[in-house]
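Here is the file upload.cif (mmCIF, N, CA and C atoms and all ligand atoms).
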data_coords
#
loop_
_atom_site.label_atom_id
_atom_site.label_comp_id
_atom_site.auth_asym_id
_atom_site.auth_seq_id
_atom_site.Cartn_x
_atom_site.Cartn_y
_atom_site.Cartn_z
N MET F 21 7.82 5.38 -18.25
CA MET F 21 6.68 5.43 -17.33
C MET F 21 6.98 4.62 -16.07
N ALA F 22 6.89 5.24 -14.95
CA ALA F 22 7.18 4.57 -13.69
C ALA F 22 5.96 3.76 -13.24
N GLN F 23 6.18 2.50 -12.93
CA GLN F 23 5.10 1.67 -12.41
C GLN F 23 5.26 1.54 -10.91
N ILE F 24 4.21 1.78 -10.17
CA ILE F 24 4.29 1.55 -8.73
C ILE F 24 3.04 0.82 -8.28
N ASN F 25 3.14 0.11 -7.14
CA ASN F 25 1.96 -0.60 -6.65
C ASN F 25 1.30 0.20 -5.52
N ASP F 26 0.15 -0.30 -5.07
CA ASP F 26 -0.60 0.41 -4.03
C ASP F 26 0.22 0.61 -2.76
N GLY F 27 1.00 -0.44 -2.40
CA GLY F 27 1.81 -0.36 -1.18
C GLY F 27 2.84 0.76 -1.27
N GLN F 28 3.48 0.89 -2.43
CA GLN F 28 4.48 1.95 -2.60
C GLN F 28 3.83 3.33 -2.58
N ALA F 29 2.66 3.44 -3.21
CA ALA F 29 1.95 4.73 -3.22
C ALA F 29 1.54 5.10 -1.80
N ALA F 30 1.07 4.12 -1.04
CA ALA F 30 0.66 4.38 0.34
C ALA F 30 1.86 4.83 1.17
N GLY F 31 3.02 4.18 0.93
CA GLY F 31 4.24 4.54 1.63
C GLY F 31 4.64 5.99 1.34
N LEU F 32 4.48 6.40 0.09
CA LEU F 32 4.80 7.78 -0.29
C LEU F 32 3.86 8.75 0.42
N LEU F 33 2.58 8.43 0.42
CA LEU F 33 1.61 9.31 1.08
C LEU F 33 2.00 9.51 2.54
N ARG F 34 2.35 8.42 3.21
CA ARG F 34 2.76 8.52 4.63
C ARG F 34 3.99 9.41 4.76
N ARG F 35 4.91 9.25 3.84
CA ARG F 35 6.14 10.05 3.92
C ARG F 35 5.84 11.54 3.78
N TYR F 36 4.82 11.88 2.99
CA TYR F 36 4.45 13.29 2.83
C TYR F 36 3.54 13.76 3.96
N GLY F 37 3.22 12.85 4.88
CA GLY F 37 2.37 13.24 6.00
C GLY F 37 0.90 13.30 5.64
N ILE F 38 0.51 12.49 4.64
CA ILE F 38 -0.89 12.48 4.20
C ILE F 38 -1.53 11.15 4.64
N ARG F 39 -2.70 11.25 5.27
CA ARG F 39 -3.40 10.04 5.70
C ARG F 39 -3.78 9.22 4.46
N VAL F 40 -3.53 7.92 4.57
CA VAL F 40 -3.74 7.05 3.41
C VAL F 40 -5.21 6.67 3.27
N THR F 41 -5.78 6.91 2.10
CA THR F 41 -7.12 6.41 1.77
C THR F 41 -7.01 5.75 0.40
N LYS F 42 -8.00 4.95 0.05
CA LYS F 42 -7.95 4.27 -1.24
C LYS F 42 -7.93 5.28 -2.39
N SER F 43 -8.76 6.33 -2.29
CA SER F 43 -8.80 7.27 -3.41
C SER F 43 -7.49 8.03 -3.55
N ARG F 44 -6.88 8.43 -2.43
CA ARG F 44 -5.60 9.14 -2.53
C ARG F 44 -4.52 8.25 -3.11
N THR F 45 -4.53 6.97 -2.70
CA THR F 45 -3.56 6.02 -3.24
C THR F 45 -3.75 5.88 -4.75
N ASP F 46 -5.00 5.75 -5.18
CA ASP F 46 -5.30 5.61 -6.62
C ASP F 46 -4.82 6.84 -7.39
N ILE F 47 -5.10 8.04 -6.85
CA ILE F 47 -4.74 9.28 -7.56
C ILE F 47 -3.23 9.41 -7.66
N LEU F 48 -2.53 9.18 -6.54
CA LEU F 48 -1.07 9.33 -6.57
C LEU F 48 -0.44 8.32 -7.54
N ARG F 49 -0.93 7.09 -7.50
CA ARG F 49 -0.43 6.06 -8.44
C ARG F 49 -0.62 6.51 -9.87
N PHE F 50 -1.80 7.03 -10.14
CA PHE F 50 -2.12 7.45 -11.51
C PHE F 50 -1.20 8.60 -11.95
N LEU F 51 -0.96 9.56 -11.06
CA LEU F 51 -0.08 10.69 -11.39
C LEU F 51 1.33 10.21 -11.68
N ILE F 52 1.82 9.31 -10.82
CA ILE F 52 3.20 8.83 -10.99
C ILE F 52 3.32 8.03 -12.29
N GLU F 53 2.32 7.19 -12.57
CA GLU F 53 2.40 6.35 -13.76
C GLU F 53 2.22 7.16 -15.04
N ALA F 54 1.48 8.24 -14.96
CA ALA F 54 1.26 9.06 -16.16
C ALA F 54 2.52 9.86 -16.50
N SER F 55 3.26 10.26 -15.48
CA SER F 55 4.48 11.07 -15.60
C SER F 55 4.36 12.27 -16.55
N ARG F 56 3.21 12.91 -16.53
CA ARG F 56 3.03 14.20 -17.22
C ARG F 56 1.92 14.94 -16.48
N PRO F 57 1.83 16.27 -16.64
CA PRO F 57 0.80 17.01 -15.91
C PRO F 57 -0.60 16.69 -16.43
N LEU F 58 -1.51 16.42 -15.52
CA LEU F 58 -2.88 16.02 -15.88
C LEU F 58 -3.89 16.97 -15.25
N SER F 59 -4.93 17.28 -16.00
CA SER F 59 -5.97 18.16 -15.48
C SER F 59 -6.95 17.35 -14.62
N HIS F 60 -7.78 18.06 -13.85
CA HIS F 60 -8.84 17.41 -13.08
C HIS F 60 -9.64 16.48 -13.99
N ALA F 61 -10.00 17.02 -15.17
CA ALA F 61 -10.86 16.27 -16.10
C ALA F 61 -10.19 14.98 -16.57
N GLU F 62 -8.89 15.06 -16.85
CA GLU F 62 -8.19 13.85 -17.31
C GLU F 62 -8.11 12.79 -16.21
N ILE F 63 -7.90 13.23 -14.98
CA ILE F 63 -7.82 12.28 -13.86
C ILE F 63 -9.20 11.67 -13.62
N GLN F 64 -10.21 12.54 -13.66
CA GLN F 64 -11.59 12.09 -13.44
C GLN F 64 -11.99 11.04 -14.48
N GLU F 65 -11.56 11.27 -15.71
CA GLU F 65 -11.90 10.34 -16.78
C GLU F 65 -11.26 8.97 -16.55
N ALA F 66 -10.03 8.98 -16.03
CA ALA F 66 -9.31 7.72 -15.82
C ALA F 66 -9.79 7.01 -14.56
N LEU F 67 -10.29 7.78 -13.59
CA LEU F 67 -10.75 7.19 -12.33
C LEU F 67 -12.21 7.60 -12.10
N PRO F 68 -13.12 7.06 -12.91
CA PRO F 68 -14.51 7.54 -12.89
C PRO F 68 -15.25 7.25 -11.58
N GLU F 69 -14.73 6.28 -10.81
CA GLU F 69 -15.43 5.95 -9.56
C GLU F 69 -15.22 7.02 -8.48
N LEU F 70 -14.23 7.91 -8.70
CA LEU F 70 -13.95 8.97 -7.72
C LEU F 70 -14.97 10.08 -7.83
N ASP F 71 -15.43 10.59 -6.71
CA ASP F 71 -16.31 11.75 -6.88
C ASP F 71 -15.46 13.01 -6.95
N ARG F 72 -16.05 14.00 -7.61
CA ARG F 72 -15.37 15.25 -7.95
C ARG F 72 -14.76 15.96 -6.74
N VAL F 73 -15.55 16.03 -5.67
CA VAL F 73 -15.09 16.74 -4.48
C VAL F 73 -13.88 16.04 -3.87
N THR F 74 -13.94 14.73 -3.80
CA THR F 74 -12.81 13.95 -3.26
C THR F 74 -11.55 14.20 -4.09
N LEU F 75 -11.72 14.21 -5.40
CA LEU F 75 -10.58 14.42 -6.29
C LEU F 75 -9.98 15.81 -6.10
N TYR F 76 -10.82 16.84 -6.10
CA TYR F 76 -10.34 18.22 -5.92
C TYR F 76 -9.61 18.37 -4.60
N ARG F 77 -10.22 17.79 -3.55
CA ARG F 77 -9.61 17.90 -2.21
C ARG F 77 -8.28 17.18 -2.15
N ALA F 78 -8.24 15.98 -2.71
CA ALA F 78 -7.00 15.20 -2.67
C ALA F 78 -5.88 15.95 -3.39
N LEU F 79 -6.20 16.53 -4.55
CA LEU F 79 -5.16 17.23 -5.32
C LEU F 79 -4.65 18.46 -4.59
N SER F 80 -5.55 19.23 -3.98
CA SER F 80 -5.03 20.42 -3.28
C SER F 80 -4.25 20.01 -2.04
N PHE F 81 -4.65 18.90 -1.46
CA PHE F 81 -3.92 18.34 -0.32
C PHE F 81 -2.52 17.89 -0.76
N PHE F 82 -2.44 17.25 -1.90
CA PHE F 82 -1.14 16.79 -2.43
C PHE F 82 -0.21 17.99 -2.63
N VAL F 83 -0.76 19.06 -3.20
CA VAL F 83 0.07 20.23 -3.48
C VAL F 83 0.53 20.86 -2.16
N GLU F 84 -0.41 20.98 -1.23
CA GLU F 84 -0.12 21.57 0.07
C GLU F 84 0.99 20.79 0.80
N HIS F 85 0.94 19.47 0.70
CA HIS F 85 1.92 18.62 1.38
C HIS F 85 3.11 18.27 0.48
N GLU F 86 3.20 18.95 -0.64
CA GLU F 86 4.30 18.78 -1.58
C GLU F 86 4.45 17.36 -2.10
N ALA F 87 3.33 16.68 -2.25
CA ALA F 87 3.35 15.35 -2.86
C ALA F 87 3.19 15.49 -4.38
N ALA F 88 2.76 16.66 -4.84
CA ALA F 88 2.56 16.88 -6.27
C ALA F 88 2.88 18.34 -6.60
N HIS F 89 3.15 18.57 -7.87
CA HIS F 89 3.35 19.93 -8.36
C HIS F 89 2.13 20.32 -9.16
N GLN F 90 1.89 21.60 -9.32
CA GLN F 90 0.82 22.01 -10.21
C GLN F 90 1.33 23.06 -11.18
N VAL F 91 0.75 23.03 -12.35
CA VAL F 91 1.15 23.96 -13.40
C VAL F 91 -0.09 24.28 -14.22
N GLN F 92 -0.15 25.51 -14.72
CA GLN F 92 -1.30 25.92 -15.51
C GLN F 92 -1.05 25.61 -16.98
N GLY F 93 -1.98 24.94 -17.60
CA GLY F 93 -1.84 24.60 -19.02
C GLY F 93 -2.17 25.80 -19.89
N PRO F 94 -1.98 25.67 -21.20
CA PRO F 94 -2.24 26.79 -22.12
C PRO F 94 -3.71 27.21 -22.13
N ASP F 95 -4.61 26.30 -21.71
CA ASP F 95 -6.04 26.62 -21.65
C ASP F 95 -6.42 27.26 -20.32
N GLY F 96 -5.44 27.44 -19.44
CA GLY F 96 -5.71 28.05 -18.15
C GLY F 96 -6.08 27.06 -17.06
N ALA F 97 -6.33 25.81 -17.43
CA ALA F 97 -6.70 24.79 -16.43
C ALA F 97 -5.45 24.30 -15.70
N TRP F 98 -5.59 24.08 -14.40
CA TRP F 98 -4.46 23.55 -13.63
C TRP F 98 -4.25 22.10 -13.95
N ARG F 99 -2.99 21.72 -13.97
CA ARG F 99 -2.64 20.32 -14.15
C ARG F 99 -1.73 19.91 -13.00
N PHE F 100 -1.78 18.63 -12.69
CA PHE F 100 -1.06 18.12 -11.53
C PHE F 100 -0.13 17.01 -11.96
N CYS F 101 1.04 16.96 -11.34
CA CYS F 101 1.99 15.91 -11.68
C CYS F 101 2.80 15.54 -10.45
N ALA F 102 3.35 14.34 -10.51
CA ALA F 102 4.14 13.84 -9.38
C ALA F 102 5.58 14.31 -9.52
N HIS F 103 6.35 14.13 -8.47
CA HIS F 103 7.77 14.45 -8.51
C HIS F 103 8.49 13.56 -9.52
N SER F 104 9.66 13.99 -9.93
CA SER F 104 10.48 13.17 -10.82
C SER F 104 10.73 11.82 -10.16
N PRO F 105 10.62 10.73 -10.93
CA PRO F 105 10.84 9.41 -10.32
C PRO F 105 12.31 9.26 -9.92
N ASN F 106 12.56 8.36 -9.01
CA ASN F 106 13.91 8.04 -8.55
C ASN F 106 14.63 9.24 -7.94
N GLN F 107 13.86 10.18 -7.48
CA GLN F 107 14.49 11.31 -6.81
C GLN F 107 13.92 11.33 -5.39
N ASP F 108 14.80 11.10 -4.44
CA ASP F 108 14.34 10.94 -3.07
C ASP F 108 13.76 12.21 -2.51
N ILE F 109 14.52 13.28 -2.64
CA ILE F 109 14.06 14.54 -2.09
C ILE F 109 13.92 15.54 -3.22
N CYS F 110 12.76 16.14 -3.33
CA CYS F 110 12.55 17.12 -4.38
C CYS F 110 13.16 18.44 -3.93
N PRO F 111 14.04 19.02 -4.75
CA PRO F 111 14.68 20.27 -4.35
C PRO F 111 13.76 21.49 -4.45
N GLY F 112 12.54 21.31 -4.83
CA GLY F 112 11.64 22.47 -4.85
C GLY F 112 10.48 22.32 -5.79
N ASN F 113 10.75 22.09 -7.05
CA ASN F 113 9.69 22.05 -8.03
C ASN F 113 10.31 21.55 -9.32
N HIS F 114 9.53 21.53 -10.38
CA HIS F 114 10.18 21.29 -11.66
C HIS F 114 9.53 22.13 -12.74
N PRO F 115 10.34 22.53 -13.72
CA PRO F 115 9.80 23.29 -14.85
C PRO F 115 9.10 22.34 -15.82
N HIS F 116 8.38 22.90 -16.75
CA HIS F 116 7.68 22.10 -17.76
C HIS F 116 8.03 22.59 -19.15
N PHE F 117 7.91 21.68 -20.10
CA PHE F 117 8.09 22.05 -21.49
C PHE F 117 6.72 21.99 -22.15
N LEU F 118 6.35 23.06 -22.83
CA LEU F 118 5.06 23.10 -23.51
C LEU F 118 5.31 23.16 -25.01
N CYS F 119 4.72 22.20 -25.73
CA CYS F 119 4.87 22.23 -27.18
C CYS F 119 3.83 23.19 -27.76
N SER F 120 4.33 24.21 -28.46
CA SER F 120 3.44 25.23 -28.98
C SER F 120 2.69 24.72 -30.21
N SER F 121 3.08 23.54 -30.69
CA SER F 121 2.44 23.01 -31.88
C SER F 121 1.33 22.01 -31.53
N CYS F 122 1.62 21.02 -30.68
CA CYS F 122 0.60 20.01 -30.36
C CYS F 122 0.00 20.21 -28.97
N GLY F 123 0.56 21.12 -28.20
CA GLY F 123 -0.01 21.41 -26.88
C GLY F 123 0.41 20.46 -25.78
N LYS F 124 1.28 19.48 -26.11
CA LYS F 124 1.73 18.51 -25.12
C LYS F 124 2.59 19.20 -24.05
N MET F 125 2.39 18.80 -22.79
CA MET F 125 3.22 19.33 -21.70
C MET F 125 4.07 18.20 -21.15
N ILE F 126 5.32 18.49 -20.95
CA ILE F 126 6.27 17.48 -20.47
C ILE F 126 6.90 17.98 -19.17
N CYS F 127 6.98 17.09 -18.16
CA CYS F 127 7.64 17.44 -16.91
C CYS F 127 9.15 17.37 -17.11
N LEU F 128 9.87 18.39 -16.71
CA LEU F 128 11.33 18.34 -16.71
C LEU F 128 11.75 17.87 -15.31
N SER F 129 13.02 17.57 -15.13
CA SER F 129 13.40 16.99 -13.85
C SER F 129 13.30 18.02 -12.71
N ASP F 130 13.07 17.50 -11.52
CA ASP F 130 12.95 18.35 -10.34
C ASP F 130 14.20 19.18 -10.14
N GLN F 131 14.02 20.42 -9.90
CA GLN F 131 15.15 21.31 -9.64
C GLN F 131 14.64 22.58 -8.97
N ARG F 132 15.55 23.29 -8.38
CA ARG F 132 15.19 24.53 -7.74
C ARG F 132 14.87 25.56 -8.82
N LEU F 133 13.74 26.20 -8.72
CA LEU F 133 13.40 27.24 -9.70
C LEU F 133 14.04 28.55 -9.28
N ALA F 134 14.31 29.38 -10.28
CA ALA F 134 15.00 30.65 -10.03
C ALA F 134 14.29 31.48 -8.97
N ARG F 135 15.08 32.15 -8.18
CA ARG F 135 14.54 33.06 -7.18
C ARG F 135 14.07 34.32 -7.91
N VAL F 136 12.89 34.77 -7.58
CA VAL F 136 12.36 35.96 -8.23
C VAL F 136 11.99 36.97 -7.14
N ASP F 137 12.43 38.18 -7.31
CA ASP F 137 12.08 39.22 -6.34
C ASP F 137 10.68 39.74 -6.64
N VAL F 138 9.85 39.78 -5.62
CA VAL F 138 8.50 40.32 -5.80
C VAL F 138 8.40 41.61 -4.98
N PRO F 139 7.45 42.48 -5.32
CA PRO F 139 7.31 43.74 -4.57
C PRO F 139 7.05 43.47 -3.09
N GLU F 140 7.53 44.36 -2.28
CA GLU F 140 7.38 44.21 -0.84
C GLU F 140 5.90 44.07 -0.47
N GLY F 141 5.61 43.16 0.45
CA GLY F 141 4.25 42.99 0.91
C GLY F 141 3.48 41.91 0.15
N CYS F 142 4.02 41.48 -1.00
CA CYS F 142 3.33 40.44 -1.77
C CYS F 142 3.64 39.07 -1.19
N GLU F 143 2.64 38.22 -1.16
CA GLU F 143 2.84 36.85 -0.67
C GLU F 143 2.89 35.89 -1.85
N VAL F 144 3.97 35.15 -1.97
CA VAL F 144 4.10 34.19 -3.07
C VAL F 144 3.36 32.91 -2.70
N GLU F 145 2.52 32.43 -3.61
CA GLU F 145 1.78 31.19 -3.36
C GLU F 145 2.31 30.03 -4.19
N GLY F 146 3.07 30.34 -5.19
CA GLY F 146 3.62 29.28 -6.02
C GLY F 146 4.46 29.88 -7.12
N LYS F 147 5.06 28.99 -7.89
CA LYS F 147 5.95 29.42 -8.94
C LYS F 147 5.75 28.46 -10.09
N GLN F 148 5.66 28.95 -11.31
CA GLN F 148 5.67 28.03 -12.43
C GLN F 148 6.62 28.54 -13.50
N PHE F 149 7.32 27.61 -14.06
CA PHE F 149 8.31 27.95 -15.04
C PHE F 149 8.08 27.04 -16.24
N VAL F 150 7.69 27.63 -17.37
CA VAL F 150 7.35 26.84 -18.55
C VAL F 150 8.26 27.24 -19.71
N VAL F 151 8.93 26.26 -20.26
CA VAL F 151 9.76 26.46 -21.43
C VAL F 151 8.91 26.02 -22.61
N TYR F 152 8.80 26.82 -23.66
CA TYR F 152 7.97 26.38 -24.76
C TYR F 152 8.71 26.34 -26.08
N GLY F 153 8.18 25.55 -26.98
CA GLY F 153 8.81 25.37 -28.28
C GLY F 153 8.18 24.17 -28.95
N LYS F 154 8.92 23.47 -29.78
CA LYS F 154 8.39 22.29 -30.47
C LYS F 154 8.91 21.03 -29.79
N CYS F 155 8.00 20.10 -29.48
CA CYS F 155 8.44 18.84 -28.90
C CYS F 155 9.16 18.03 -29.99
N ALA F 156 9.83 16.96 -29.58
CA ALA F 156 10.63 16.17 -30.53
C ALA F 156 9.79 15.68 -31.70
N ASP F 157 8.56 15.23 -31.40
CA ASP F 157 7.69 14.73 -32.48
C ASP F 157 7.38 15.84 -33.49
N CYS F 158 7.00 17.00 -32.95
CA CYS F 158 6.62 18.10 -33.84
C CYS F 158 7.83 18.69 -34.56
N ALA F 159 8.96 18.77 -33.88
CA ALA F 159 10.16 19.35 -34.49
C ALA F 159 10.66 18.48 -35.65
N GLY F 160 10.35 17.16 -35.57
CA GLY F 160 10.83 16.24 -36.60
C GLY F 160 9.95 16.18 -37.84
N VAL F 161 8.78 16.79 -37.77
CA VAL F 161 7.84 16.70 -38.88
C VAL F 161 8.26 17.61 -40.05
N ILE F 162 8.27 17.05 -41.24
CA ILE F 162 8.58 17.87 -42.42
C ILE F 162 7.29 18.01 -43.24
N PHE F 163 6.90 19.26 -43.46
CA PHE F 163 5.65 19.49 -44.22
C PHE F 163 5.95 19.66 -45.69
ZN ZN F 201 9.24 17.64 -7.26
ZN ZN F 202 4.42 18.70 -30.10
ZN ZN F 203 5.33 18.22 -13.89
#

Now, as a test, write the supplied structure out as C-alpha cells.
Amino acid sequence: MAQINDGQAAGLLRRYGIRVTKSRTDILRFLIEASRPLSHAEIQEALPELDRVTLYRALSFFVEHEAAHQVQGPDGAWRFCAHSPNQDICPGNHPHFLCSSCGKMICLSDQRLARVDVPEGCEVEGKQFVVYGKCADCAGVIF
C-alpha cells in the first residue's frame, strides 16, 4: 500500500492539470493508498464528509485528465483506481484481475492495452481489460 501525504497528492493533481481542492486531494490520496479499484459507494463511505456531487465530479474529472483509471466491476458499477505507484508516466491504462470466487478486483501494472479494431465511424471512449480466475487466497483454499 502506497502512503502519500497531502502535499504529494496536490503535486500530482497539478501535474495532471487539475486545480487543487481539499476534496480532490482527499480522493486522490484515498485512491492511491487503497491501490485497488473502488466504487463511488466505497469512496463515499470512507470520506463521508464529501458530498455526492463533488465526488462524482472529481472522479470523472480524474478520468478525463488521466489521473485515474476506471473499470466496471462484476455488478456493473464503475470503480476507480490510481495509476501504478512508482511509475512516472502511465503508458495508457492497466488491466485488472477479477477473482471469480470472492469478487476481489486487483489492479495489474500500468501497460499499454491491446489495440482493437472497431467498425468504421465508431468512437472509442475507453478500454477495459479484465483477466479473471481465482485470486491467490481463493486458489489456495482446500475444501
Ligand atoms: Zn495508469
Ligand atoms: Zn478470491
Ligand atoms: Zn486499477

Given 7 Å and only N, CA and C atoms and all ligand atoms, residues near ligand ZN 203 (chain F) as JSON, numbers by chain: {"F": [55, 56, 57, 89, 90, 91, 100, 101, 102, 103, 114, 115, 116, 126, 127, 128]}

Surroundings of ligand ZN 201 (chain F) up to 8 Å, based on all atoms listed in the file, as number ranges by chain: F: 86-89, 101-105, 109-114, 129-131

Next, dump the selected residues to file, keeping only N, CA and C atoms, as a PDB file, in the frame of the given file.
ATOM      1  N   GLU F  86       3.200  18.950  -0.640  1.00  0.00           N
ATOM      2  CA  GLU F  86       4.300  18.780  -1.580  1.00  0.00           C
ATOM      3  C   GLU F  86       4.450  17.360  -2.100  1.00  0.00           C
ATOM      4  N   ALA F  87       3.330  16.680  -2.250  1.00  0.00           N
ATOM      5  CA  ALA F  87       3.350  15.350  -2.860  1.00  0.00           C
ATOM      6  C   ALA F  87       3.190  15.490  -4.380  1.00  0.00           C
ATOM      7  N   ALA F  88       2.760  16.660  -4.840  1.00  0.00           N
ATOM      8  CA  ALA F  88       2.560  16.880  -6.270  1.00  0.00           C
ATOM      9  C   ALA F  88       2.880  18.340  -6.600  1.00  0.00           C
ATOM     10  N   HIS F  89       3.150  18.570  -7.870  1.00  0.00           N
ATOM     11  CA  HIS F  89       3.350  19.930  -8.360  1.00  0.00           C
ATOM     12  C   HIS F  89       2.130  20.320  -9.160  1.00  0.00           C
ATOM     13  N   CYS F 101       1.040  16.960 -11.340  1.00  0.00           N
ATOM     14  CA  CYS F 101       1.990  15.910 -11.680  1.00  0.00           C
ATOM     15  C   CYS F 101       2.800  15.540 -10.450  1.00  0.00           C
ATOM     16  N   ALA F 102       3.350  14.340 -10.510  1.00  0.00           N
ATOM     17  CA  ALA F 102       4.140  13.840  -9.380  1.00  0.00           C
ATOM     18  C   ALA F 102       5.580  14.310  -9.520  1.00  0.00           C
ATOM     19  N   HIS F 103       6.350  14.130  -8.470  1.00  0.00           N
ATOM     20  CA  HIS F 103       7.770  14.450  -8.510  1.00  0.00           C
ATOM     21  C   HIS F 103       8.490  13.560  -9.520  1.00  0.00           C
ATOM     22  N   SER F 104       9.660  13.990  -9.930  1.00  0.00           N
ATOM     23  CA  SER F 104      10.480  13.170 -10.820  1.00  0.00           C
ATOM     24  C   SER F 104      10.730  11.820 -10.160  1.00  0.00           C
ATOM     25  N   PRO F 105      10.620  10.730 -10.930  1.00  0.00           N
ATOM     26  CA  PRO F 105      10.840   9.410 -10.320  1.00  0.00           C
ATOM     27  C   PRO F 105      12.310   9.260  -9.920  1.00  0.00           C
ATOM     28  N   ILE F 109      14.520  13.280  -2.640  1.00  0.00           N
ATOM     29  CA  ILE F 109      14.060  14.540  -2.090  1.00  0.00           C
ATOM     30  C   ILE F 109      13.920  15.540  -3.220  1.00  0.00           C
ATOM     31  N   CYS F 110      12.760  16.140  -3.330  1.00  0.00           N
ATOM     32  CA  CYS F 110      12.550  17.120  -4.380  1.00  0.00           C
ATOM     33  C   CYS F 110      13.160  18.440  -3.930  1.00  0.00           C
ATOM     34  N   PRO F 111      14.040  19.020  -4.750  1.00  0.00           N
ATOM     35  CA  PRO F 111      14.680  20.270  -4.350  1.00  0.00           C
ATOM     36  C   PRO F 111      13.760  21.490  -4.450  1.00  0.00           C
ATOM     37  N   GLY F 112      12.540  21.310  -4.830  1.00  0.00           N
ATOM     38  CA  GLY F 112      11.640  22.470  -4.850  1.00  0.00           C
ATOM     39  C   GLY F 112      10.480  22.320  -5.790  1.00  0.00           C
ATOM     40  N   ASN F 113      10.750  22.090  -7.050  1.00  0.00           N
ATOM     41  CA  ASN F 113       9.690  22.050  -8.030  1.00  0.00           C
ATOM     42  C   ASN F 113      10.310  21.550  -9.320  1.00  0.00           C
ATOM     43  N   HIS F 114       9.530  21.530 -10.380  1.00  0.00           N
ATOM     44  CA  HIS F 114      10.180  21.290 -11.660  1.00  0.00           C
ATOM     45  C   HIS F 114       9.530  22.130 -12.740  1.00  0.00           C
ATOM     46  N   SER F 129      13.020  17.570 -15.130  1.00  0.00           N
ATOM     47  CA  SER F 129      13.400  16.990 -13.850  1.00  0.00           C
ATOM     48  C   SER F 129      13.300  18.020 -12.710  1.00  0.00           C
ATOM     49  N   ASP F 130      13.070  17.500 -11.520  1.00  0.00           N
ATOM     50  CA  ASP F 130      12.950  18.350 -10.340  1.00  0.00           C
ATOM     51  C   ASP F 130      14.200  19.180 -10.140  1.00  0.00           C
ATOM     52  N   GLN F 131      14.020  20.420  -9.900  1.00  0.00           N
ATOM     53  CA  GLN F 131      15.150  21.310  -9.640  1.00  0.00           C
ATOM     54  C   GLN F 131      14.640  22.580  -8.970  1.00  0.00           C
TER      55      GLN F 131
END

Near-ligand residues for ligand ZN 202 (chain F), threshold 7 Å, only C-alpha atoms and all ligand atoms, as a count of residues only: 11

Segment 61-77 of chain F surroundings by only N, CA and C atoms, 8 Å radius, close-in-sequence under 2 positions cut, as an NGL selection string: :F and (43-44 or 46-47 or 50-51 or 58-59 or 79-83 or 98)

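Ranking F:Val144, F:Ile24, F:Ala78, F:Leu118 by their shortest atom-to-atom distance to Arg49 of chain F, with all atoms listed in the file included, puts F:Ile24 first.
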
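With only N, CA and C atoms as the atoms that count, the residue of F:Phe117, F:Ile162, F:Asp26, F:Val138 with the shortest distance to Val150 of chain F is F:Phe117.
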
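Rounded to one decimal, atom N of His60 of chain F and atom N of Gly96 of chain F lie 11.2 Å from each other.
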